[in-house]
file final-v2.cif (mmCIF, C-alpha atoms and all ligand atoms)
data_query
#
loop_
_atom_site.label_atom_id
_atom_site.label_comp_id
_atom_site.auth_asym_id
_atom_site.auth_seq_id
_atom_site.Cartn_x
_atom_site.Cartn_y
_atom_site.Cartn_z
CA MET S 1 51.60 121.54 141.72
CA ARG S 2 49.00 118.99 142.85
CA ASP S 3 51.49 116.24 142.06
CA THR S 4 54.11 117.96 144.23
CA ILE S 5 51.64 118.11 147.11
CA ILE S 6 50.88 114.40 146.73
CA GLU S 7 54.60 113.66 146.70
CA PHE S 8 54.91 115.59 149.97
CA PHE S 9 52.21 113.40 151.48
CA LYS S 10 53.81 110.22 150.14
CA LYS S 11 57.20 111.12 151.64
CA ASN S 12 55.53 111.78 155.00
CA GLU S 13 53.25 108.75 154.95
CA GLY S 14 50.58 108.96 157.65
CA LYS S 15 52.10 112.13 159.18
CA PHE S 16 50.93 115.73 159.17
CA VAL S 17 52.75 118.15 156.87
CA SER S 18 52.55 121.81 157.84
CA GLY S 19 51.04 124.28 155.38
CA GLN S 20 54.20 126.38 155.78
CA ALA S 21 56.49 123.50 154.79
CA MET S 22 54.38 122.87 151.71
CA SER S 23 54.24 126.52 150.74
CA ASP S 24 58.04 126.82 151.16
CA GLY S 25 58.63 123.60 149.21
CA CYS S 26 56.28 124.59 146.38
CA ASN S 27 57.19 128.27 146.43
CA VAL S 28 53.59 129.44 146.58
CA SER S 29 51.46 131.07 149.27
CA ARG S 30 49.67 129.07 151.96
CA THR S 31 46.37 130.21 150.44
CA ALA S 32 47.42 128.63 147.13
CA ILE S 33 48.25 125.39 148.97
CA TRP S 34 44.82 125.44 150.60
CA LYS S 35 43.16 125.85 147.18
CA HIS S 36 45.11 122.89 145.79
CA ILE S 37 44.15 120.79 148.81
CA GLN S 38 40.51 121.62 148.08
CA ALA S 39 40.99 120.58 144.44
CA LEU S 40 42.56 117.28 145.54
CA ARG S 41 39.63 116.64 147.86
CA ASN S 42 37.29 117.20 144.91
CA ARG S 43 39.24 114.53 143.00
CA GLY S 44 38.62 112.01 145.77
CA TYR S 45 41.66 112.45 148.04
CA GLU S 46 40.69 112.31 151.71
CA ILE S 47 42.82 114.91 153.52
CA GLU S 48 42.58 115.78 157.18
CA SER S 49 43.47 119.34 158.21
CA SER S 50 44.44 120.76 161.58
CA THR S 51 45.14 124.43 162.22
CA LYS S 52 48.13 123.54 164.36
CA LYS S 53 49.62 120.55 162.55
CA GLY S 54 48.79 121.11 158.87
CA TYR S 55 47.50 118.47 156.48
CA ARG S 56 47.52 114.68 156.50
CA LEU S 57 46.61 112.30 153.68
CA ILE S 58 44.09 109.69 154.86
CA SER S 59 43.34 107.92 151.57
CA SER S 60 43.88 108.34 147.84
CA PRO S 61 41.39 107.62 145.05
CA ASP S 62 42.23 104.70 142.77
CA LEU S 63 43.76 106.82 140.01
CA VAL S 64 45.96 105.79 137.08
CA SER S 65 47.80 109.13 136.87
CA PRO S 66 51.53 108.96 136.02
CA LEU S 67 52.30 109.58 139.69
CA GLU S 68 50.33 106.52 140.82
CA VAL S 69 51.56 104.28 138.01
CA GLU S 70 55.25 105.28 138.15
CA GLY S 71 57.45 102.42 139.31
CA ASN S 72 54.70 99.81 138.85
CA LEU S 73 55.00 99.15 135.12
CA THR S 74 57.66 96.50 134.50
CA THR S 75 57.42 96.64 130.70
CA LYS S 76 59.94 98.07 128.23
CA ILE S 77 57.74 98.79 125.20
CA ILE S 78 54.15 99.00 126.45
CA GLY S 79 53.86 102.19 128.46
CA CYS S 80 57.18 103.67 127.22
CA ASN S 81 55.04 106.73 126.50
CA TYR S 82 52.13 107.31 128.89
CA GLN S 83 49.39 109.73 127.82
CA TYR S 84 47.09 110.36 130.74
CA GLN S 85 43.79 112.21 130.62
CA GLU S 86 41.36 112.78 133.43
CA SER S 87 38.42 112.73 131.05
CA THR S 88 38.21 112.14 127.32
CA GLU S 89 35.70 111.09 124.69
CA SER S 90 37.41 107.84 123.72
CA THR S 91 41.01 106.77 124.31
CA ASN S 92 40.91 104.97 120.93
CA THR S 93 40.21 108.28 119.19
CA VAL S 94 43.00 110.05 121.09
CA ALA S 95 45.41 107.17 120.35
CA ARG S 96 44.53 107.21 116.67
CA ASN S 97 45.27 110.95 116.40
CA LEU S 98 48.57 110.47 118.23
CA ALA S 99 49.50 107.50 116.04
CA ILE S 100 48.82 109.54 112.88
CA LYS S 101 51.25 112.15 114.23
CA GLY S 102 53.89 109.43 114.71
CA ALA S 103 53.51 108.41 118.39
CA LYS S 104 55.86 105.64 119.43
CA GLU S 105 54.97 101.96 119.48
CA GLY S 106 53.85 101.03 122.99
CA THR S 107 52.22 104.40 123.73
CA ILE S 108 49.41 103.97 126.25
CA VAL S 109 46.51 106.42 126.22
CA ILE S 110 44.54 106.08 129.43
CA ALA S 111 41.71 108.03 131.03
CA GLU S 112 39.95 108.12 134.36
CA GLU S 113 36.67 108.32 132.45
CA GLN S 114 35.41 108.27 128.86
CA VAL S 115 32.36 110.32 128.01
CA ALA S 116 31.87 108.70 124.58
CA GLY S 117 33.55 105.30 124.98
CA ARG S 118 33.16 103.16 121.86
CA GLY S 119 32.44 99.45 121.52
CA ARG S 120 32.21 97.13 118.52
CA ILE S 121 29.43 97.38 115.95
CA GLN S 122 28.75 101.08 116.69
CA ARG S 123 27.92 100.33 120.32
CA GLY S 124 28.91 102.54 123.24
CA TRP S 125 31.09 101.51 126.18
CA PHE S 126 30.16 102.46 129.74
CA SER S 127 33.33 104.04 131.25
CA PRO S 128 32.65 105.77 134.59
CA TYR S 129 35.27 107.82 136.49
CA THR S 130 37.96 105.67 138.20
CA LYS S 131 35.85 102.50 138.07
CA GLY S 132 37.64 100.69 135.29
CA LEU S 133 40.63 100.67 132.99
CA TRP S 134 39.87 102.60 129.85
CA MET S 135 42.98 102.51 127.72
CA SER S 136 44.34 102.19 124.20
CA ILE S 137 47.73 100.91 123.16
CA ILE S 138 49.48 101.84 119.91
CA LEU S 139 51.37 99.03 118.18
CA ARG S 140 53.34 99.15 114.92
CA PRO S 141 53.76 95.44 114.17
CA PRO S 142 56.01 94.19 111.38
CA PHE S 143 53.50 91.67 110.01
CA LEU S 144 51.01 91.93 107.12
CA PRO S 145 47.62 93.72 107.46
CA MET S 146 45.76 90.40 107.00
CA GLU S 147 47.31 89.22 110.31
CA ALA S 148 45.90 92.19 112.24
CA PRO S 149 42.60 90.59 113.40
CA LYS S 150 44.69 88.11 115.39
CA CYS S 151 45.95 91.01 117.52
CA THR S 152 42.53 91.03 119.16
CA LEU S 153 42.94 87.35 120.03
CA MET S 154 46.45 88.11 121.31
CA ALA S 155 45.11 90.84 123.60
CA ALA S 156 42.28 88.61 124.83
CA VAL S 157 44.74 85.83 125.70
CA ALA S 158 47.10 88.24 127.49
CA ILE S 159 44.30 89.83 129.54
CA THR S 160 42.82 86.45 130.49
CA LYS S 161 46.23 85.26 131.69
CA ALA S 162 46.61 88.51 133.66
CA PHE S 163 43.22 87.90 135.30
CA HIS S 164 44.23 84.37 136.25
CA GLU S 165 47.34 85.79 137.94
CA LEU S 166 45.13 88.28 139.81
CA GLY S 167 43.05 85.38 141.11
CA LEU S 168 40.13 85.47 138.66
CA THR S 169 40.61 81.94 137.36
CA ASP S 170 37.07 81.71 135.93
CA ALA S 171 37.80 84.32 133.23
CA ARG S 172 37.31 82.88 129.72
CA ILE S 173 37.36 84.26 126.17
CA LYS S 174 34.34 84.58 123.91
CA TRP S 175 35.21 84.98 120.24
CA PRO S 176 36.48 87.33 119.10
CA ASN S 177 37.03 89.98 121.69
CA ASP S 178 35.13 89.55 124.94
CA ILE S 179 36.27 88.21 128.26
CA LEU S 180 33.50 86.74 130.35
CA VAL S 181 33.15 85.38 133.86
CA ASN S 182 30.31 82.90 134.26
CA GLY S 183 28.65 84.27 131.15
CA LYS S 184 28.95 87.96 132.12
CA LYS S 185 31.18 90.40 130.28
CA ILE S 186 34.08 91.93 132.21
CA VAL S 187 36.33 93.14 129.35
CA GLY S 188 35.79 94.44 125.83
CA ILE S 189 38.50 94.93 123.22
CA LEU S 190 38.20 97.25 120.23
CA THR S 191 41.01 96.88 117.70
CA GLU S 192 41.40 99.50 114.99
CA MET S 193 44.01 99.73 112.28
CA GLN S 194 45.47 101.98 109.62
CA SER S 195 47.36 100.27 106.83
CA SER S 196 48.22 100.16 103.16
CA MET S 197 47.84 96.90 101.17
CA GLU S 198 51.22 95.64 102.25
CA GLN S 199 52.04 97.40 105.53
CA ILE S 200 50.37 98.13 108.86
CA HIS S 201 50.95 101.77 109.82
CA PHE S 202 49.55 101.24 113.29
CA ILE S 203 47.10 99.18 115.31
CA ILE S 204 45.18 100.58 118.24
CA ILE S 205 44.18 98.00 120.83
CA GLY S 206 41.45 99.57 122.94
CA ILE S 207 40.82 97.75 126.21
CA GLY S 208 37.96 98.34 128.63
CA VAL S 209 38.14 96.49 131.97
CA ASN S 210 35.38 96.80 134.56
CA VAL S 211 37.37 97.02 137.80
CA SER S 212 35.28 98.31 140.70
CA ILE S 213 31.83 98.96 139.20
CA LYS S 214 29.06 97.62 141.44
CA LYS S 215 25.99 95.91 140.01
CA ASP S 216 23.64 98.83 140.69
CA GLU S 217 26.13 101.30 139.18
CA PHE S 218 25.80 99.71 135.72
CA PRO S 219 22.99 101.06 133.51
CA GLU S 220 19.93 98.83 133.92
CA GLU S 221 20.35 97.12 130.54
CA LEU S 222 23.85 95.95 131.53
CA GLN S 223 23.12 94.80 135.08
CA GLU S 224 22.38 91.19 134.15
CA ILE S 225 25.02 90.82 131.44
CA ALA S 226 28.07 92.66 132.82
CA THR S 227 30.36 92.13 135.77
CA SER S 228 33.52 93.62 137.29
CA LEU S 229 36.58 92.38 139.16
CA ALA S 230 35.06 93.72 142.40
CA MET S 231 31.75 91.93 141.75
CA GLU S 232 33.75 88.71 141.28
CA GLY S 233 35.44 89.19 144.67
CA ILE S 234 38.76 90.55 143.34
CA SER S 235 39.73 93.74 145.14
CA VAL S 236 42.71 95.20 143.34
CA SER S 237 43.95 98.65 142.38
CA ARG S 238 43.61 99.78 138.78
CA THR S 239 47.36 100.33 138.69
CA LYS S 240 47.93 96.66 139.53
CA VAL S 241 45.47 95.55 136.84
CA LEU S 242 47.18 97.83 134.32
CA ALA S 243 50.68 96.60 135.21
CA THR S 244 49.64 92.93 135.06
CA ILE S 245 47.91 93.30 131.68
CA ALA S 246 50.86 95.29 130.27
CA LYS S 247 53.28 92.56 131.41
CA TYR S 248 51.36 89.73 129.69
CA LEU S 249 50.57 91.77 126.59
CA GLU S 250 54.19 92.72 126.05
CA ALA S 251 55.41 89.14 126.50
CA GLN S 252 52.76 87.87 124.08
CA TYR S 253 53.48 90.60 121.52
CA LEU S 254 57.24 90.02 121.55
CA ASP S 255 56.62 86.31 121.06
CA VAL S 256 54.24 86.98 118.14
CA CYS S 257 56.74 89.31 116.46
CA GLU S 258 59.42 86.64 116.71
CA ASN S 259 57.51 83.38 116.26
CA GLY S 260 54.12 84.25 114.76
CA PHE S 261 50.64 83.58 116.17
CA LYS S 262 50.86 79.81 116.70
CA LYS S 263 51.17 80.05 120.50
CA VAL S 264 48.42 82.70 120.74
CA LEU S 265 46.00 80.44 118.84
CA GLU S 266 46.92 77.46 121.06
CA ASP S 267 46.43 79.52 124.23
CA TRP S 268 43.21 81.00 122.87
CA ARG S 269 41.76 77.50 122.40
CA LYS S 270 42.66 76.59 126.00
CA LEU S 271 41.13 79.79 127.40
CA SER S 272 38.01 79.88 125.24
CA MET S 273 34.55 79.34 126.75
CA MET S 274 32.82 78.56 123.49
CA LEU S 275 34.55 75.72 121.65
CA GLY S 276 32.20 72.74 121.43
CA LYS S 277 29.18 74.91 122.37
CA GLU S 278 26.15 75.69 120.28
CA VAL S 279 26.26 79.29 119.07
CA GLN S 280 24.04 81.70 117.21
CA VAL S 281 25.87 83.82 114.65
CA ASN S 282 24.32 87.16 113.70
CA GLU S 283 25.86 88.62 110.57
CA ILE S 284 24.64 91.84 108.94
CA ASN S 285 22.06 90.15 106.69
CA ASN S 286 22.15 86.62 107.98
CA SER S 287 21.74 84.62 111.15
CA TYR S 288 22.29 80.90 111.81
CA THR S 289 23.13 78.42 114.55
CA GLY S 290 25.73 75.67 114.75
CA PHE S 291 28.55 74.36 116.91
CA ALA S 292 31.73 76.43 117.41
CA ASP S 293 34.38 73.84 116.64
CA ASP S 294 37.65 75.69 116.37
CA ILE S 295 39.43 78.81 115.17
CA ASP S 296 41.46 78.54 111.97
CA CYS S 297 45.03 79.76 111.46
CA ASP S 298 43.69 83.25 110.64
CA GLY S 299 41.69 83.45 113.87
CA ASN S 300 38.29 82.99 112.16
CA LEU S 301 35.68 80.98 114.05
CA MET S 302 34.77 77.65 112.42
CA VAL S 303 31.11 76.82 112.97
CA THR S 304 29.64 73.44 111.96
CA LEU S 305 25.99 73.90 110.99
CA HIS S 306 23.34 71.30 111.73
CA ASP S 307 23.45 70.04 108.12
CA GLY S 308 27.16 69.24 108.55
CA SER S 309 28.50 72.11 106.46
CA VAL S 310 31.20 74.31 107.99
CA LYS S 311 31.03 78.13 108.02
CA ARG S 312 34.04 80.34 108.56
CA VAL S 313 32.99 83.37 110.62
CA VAL S 314 35.18 86.39 109.93
CA ALA S 315 33.11 88.98 111.77
CA GLY S 316 29.79 88.83 113.50
CA ASP S 317 27.96 88.99 116.77
CA ILE S 318 27.90 85.61 118.47
CA SER S 319 25.73 84.43 121.30
CA VAL S 320 26.43 81.17 123.06
CA ARG S 321 23.24 79.14 123.42
CA ALA S 322 22.35 77.89 126.88
CA MET S 323 24.26 74.79 127.91
CA LYS S 324 24.02 72.96 124.60
CA GLU S 325 27.25 71.10 123.96
CA LYS S 326 28.18 68.79 121.12
C1 LIG H 1 33.38 95.90 122.84
O1 LIG H 1 33.29 94.92 123.58
O2 LIG H 1 32.43 96.23 122.13
C2 LIG H 1 34.67 96.67 122.82
C3 LIG H 1 34.75 97.68 123.93
C4 LIG H 1 36.07 98.42 123.97
C5 LIG H 1 36.11 99.50 125.03
C6 LIG H 1 37.45 100.16 125.14
S1 LIG H 1 37.56 101.23 126.53
C7 LIG H 1 39.06 101.90 125.94
C8 LIG H 1 38.92 102.04 124.43
N1 LIG H 1 38.32 103.30 124.09
C9 LIG H 1 37.12 103.14 123.54
O3 LIG H 1 36.36 104.06 123.19
N2 LIG H 1 36.81 101.84 123.46
C10 LIG H 1 37.88 101.01 123.95
#

call {"tool": "encode", "arguments": {"input": "final-v2.cif", "output": "structure tokens"}}
result
Amino acid sequence: MRDTIIEFFKKNEGKFVSGQAMSDGCNVSRTAIWKHIQALRNRGYEIESSTKKGYRLISSPDLVSPLEVEGNLTTKIIGCNYQYQESTESTNTVARNLAIKGAKEGTIVIAEEQVAGRGRIQRGWFSPYTKGLWMSIILRPPFLPMEAPKCTLMAAVAITKAFHELGLTDARIKWPNDILVNGKKIVGILTEMQSSMEQIHFIIIGIGVNVSIKKDEFPEELQEIATSLAMEGISVSRTKVLATIAKYLEAQYLDVCENGFKKVLEDWRKLSMMLGKEVQVNEINNSYTGFADDIDCDGNLMVTLHDGSVKRVVAGDISVRAMKEK
């Protein structure tokens, strides 16, 4: 019903629509229309009302509902199934449950807010209402489970390219799964998988993009280490960000399925902010520093320690040390 009312407004852009016309069109009473208008206002729609002329839409909130996104996605696979929620605990959890039940490859699970967003290493992910893209994509790739970690690199490359197209040319990748702008985090990626020894059943690529969060809206502990597209001077709708990311991710994924990860690894090296820099690696029971020299063909980070030995980092929390280059 609310969607029908919004469609009415969209068809009559900038004009008043009478309550009677809406009630006739929706086959409900004018009181019911009034209640729905109130509900839309509570969701952030600015609607003017006049006893004589009816209702007029002044502005819409930056939603990613199917109605707002329809016609903007140019992809064939990613977004072929669009699961929208106004609020959820974590889109990765929803996507996982859907994938177990057989959801199609390319399914997007997206929410206006997450109340228990999840990050890597048991961390949380700040996901306020309509201020970012909180979404998870289900893939069912044909390659072996040992290749799966490279899907995170693939997503990071695709998102960075999308940001460059949107005008954020300073966006760079920090291994394995962060996108930073001038040292501050703007995107996090959480990849989860279910597989047997020889076959991937599904991969969930969870993507969190800070779109319009302002500095003072972040929790205090994030204010100096996080940023958003808006804070970097990029004013863009969430739908546009979604469509641009989907476009690059699909192109990258199709290329990987056909030709392998060679191109992703090459692009990753070009878009990385850490190669040649001194890094501190924090593993569960170990911590050391060295220079991040390269990623290997499996996507592991190669770190040359100060004694000349080379460590292959498979998983860990990395911090880039201030300005020290090789
Ligand atoms: C990280 O940097 O630690 C990864 C953060 C990943 C956040 C996204 S938001 C959408 C999806 N749902 C989640 O609960 N997490 C991912």

call {"tool": "residues_near_ligand", "arguments": {"input": "final-v2.cif", "ligand": "ligand LIG 1 (chain H)", "cutoff": "8 Å", "atoms": "all atoms listed in the file", "output": "PyMOL selection string"}}
result
chain S and resi 89-93+110+114+116-121+123-125+127+133-136+177-178+187-190+205-209

call {"tool": "closest_residue", "arguments": {"input": "final-v2.cif", "among": "S:Gln83, S:Ser196, S:Thr31, S:Ser309", "to": "Asp293 of chain S", "atoms": "all atoms listed in the file"}}
result
S:Ser309

call {"tool": "atom_distance", "arguments": {"input": "final-v2.cif", "atom1": "atom CA of Met146 of chain S", "atom2": "atom CA of Asp298 of chain S"}}
result
8.3 Å

call {"tool": "residues_around", "arguments": {"input": "final-v2.cif", "residues": "Gln85 of chain S", "least_positions_apart": "2", "cutoff": "8 Å", "atoms": "all atoms listed in the file", "output": "tab-separated table (two decimals) with C-alpha atoms, in the coordinates of the input"}}
result
chain	number	residue	atom	x	y	z
S	83	GLN	CA	49.39	109.73	127.82
S	87	SER	CA	38.42	112.73	131.05
S	88	THR	CA	38.21	112.14	127.32
S	109	VAL	CA	46.51	106.42	126.22
S	110	ILE	CA	44.54	106.08	129.43
S	111	ALA	CA	41.71	108.03	131.03
S	112	GLU	CA	39.95	108.12	134.36

call {"tool": "closest_residue", "arguments": {"input": "final-v2.cif", "among": "S:Ile295, S:Ile138, S:Ile6, S:Ala171", "to": "Leu153 of chain S", "atoms": "all atoms listed in the file"}}
result
S:Ile295

call {"tool": "closest_residue", "arguments": {"input": "final-v2.cif", "among": "S:Val256, S:Leu271, S:Ile5, S:Leu265", "to": "Leu67 of chain S", "atoms": "all atoms listed in the file"}}
result
S:Ile5

call {"tool": "residues_around", "arguments": {"input": "final-v2.cif", "residues": "Arg269 of chain S", "least_positions_apart": "2", "cutoff": "12 Å", "atoms": "all atoms listed in the file", "output": "VMD selection string"}}
result
chain S and resid 153 to 154 156 to 157 172 to 176 262 to 267 271 to 276 292 to 297 299 301

call {"tool": "closest_residue", "arguments": {"input": "final-v2.cif", "among": "S:Arg96, S:Thr51, S:Ile225, S:Thr4", "to": "Val28 of chain S", "atoms": "only C-alpha atoms"}}
result
S:Thr4

call {"tool": "residues_around", "arguments": {"input": "final-v2.cif", "residues": "Thr239 of chain S", "least_positions_apart": "3", "cutoff": "8 Å", "atoms": "all atoms listed in the file", "output": "PyMOL selection string"}}
result
chain S and resi 62-64+68-69+72+242-243

call {"tool": "write_last_selection", "arguments": {"input": "final-v2.cif", "atoms": "C-alpha atoms", "output": "PDB file, keeping the file's coordinate frame"}}
result
ATOM      1  CA  ASP S  62      42.230 104.700 142.770  1.00  0.00           C
ATOM      2  CA  LEU S  63      43.760 106.820 140.010  1.00  0.00           C
ATOM      3  CA  VAL S  64      45.960 105.790 137.080  1.00  0.00           C
ATOM      4  CA  GLU S  68      50.330 106.520 140.820  1.00  0.00           C
ATOM      5  CA  VAL S  69      51.560 104.280 138.010  1.00  0.00           C
ATOM      6  CA  ASN S  72      54.700  99.810 138.850  1.00  0.00           C
ATOM      7  CA  LEU S 242      47.180  97.830 134.320  1.00  0.00           C
ATOM      8  CA  ALA S 243      50.680  96.600 135.210  1.00  0.00           C
TER       9      ALA S 243
END

call {"tool": "atom_distance", "arguments": {"input": "final-v2.cif", "atom1": "atom CA of Gly19 of chain S", "atom2": "atom CA of Gly54 of chain S"}}
result
5.2 Å

call {"tool": "closest_residue", "arguments": {"input": "final-v2.cif", "among": "S:Asn300, S:Ala103, S:Gly79, S:Lys53", "to": "Gln20 of chain S", "atoms": "all atoms listed in the file"}}
result
S:Lys53

call {"tool": "decode", "arguments": {"input": "final-v2.cif", "residues": "segment 262-287 of chain S", "atoms": "C-alpha atoms", "output": "CSV table (one decimal), in the first residue's frame"}}
result
chain,number,residue,atom,x,y,z
S,262,LYS,CA,45.2,-13.3,-12.1
S,263,LYS,CA,43.6,-9.9,-13.1
S,264,VAL,CA,42.2,-9.4,-9.6
S,265,LEU,CA,45.6,-9.9,-8.0
S,266,GLU,CA,47.2,-7.5,-10.5
S,267,ASP,CA,44.5,-4.9,-9.9
S,268,TRP,CA,44.7,-5.4,-6.1
S,269,ARG,CA,48.5,-4.6,-6.2
S,270,LYS,CA,47.7,-1.4,-8.2
S,271,LEU,CA,45.0,-0.3,-5.7
S,272,SER,CA,46.7,-1.3,-2.5
S,273,MET,CA,47.9,1.3,0.0
S,274,MET,CA,50.3,-1.0,1.9
S,275,LEU,CA,52.8,-2.6,-0.5
S,276,GLY,CA,56.3,-1.4,0.4
S,277,LYS,CA,55.1,0.0,3.7
S,278,GLU,CA,56.2,-1.2,7.2
S,279,VAL,CA,53.4,-3.1,8.9
S,280,GLN,CA,52.7,-4.7,12.2
S,281,VAL,CA,51.1,-8.1,12.0
S,282,ASN,CA,49.0,-9.2,15.0
S,283,GLU,CA,48.2,-12.9,14.9
S,284,ILE,CA,46.4,-14.8,17.7
S,285,ASN,CA,49.5,-15.6,19.7
S,286,ASN,CA,52.2,-13.7,17.8
S,287,SER,CA,53.0,-10.2,16.7
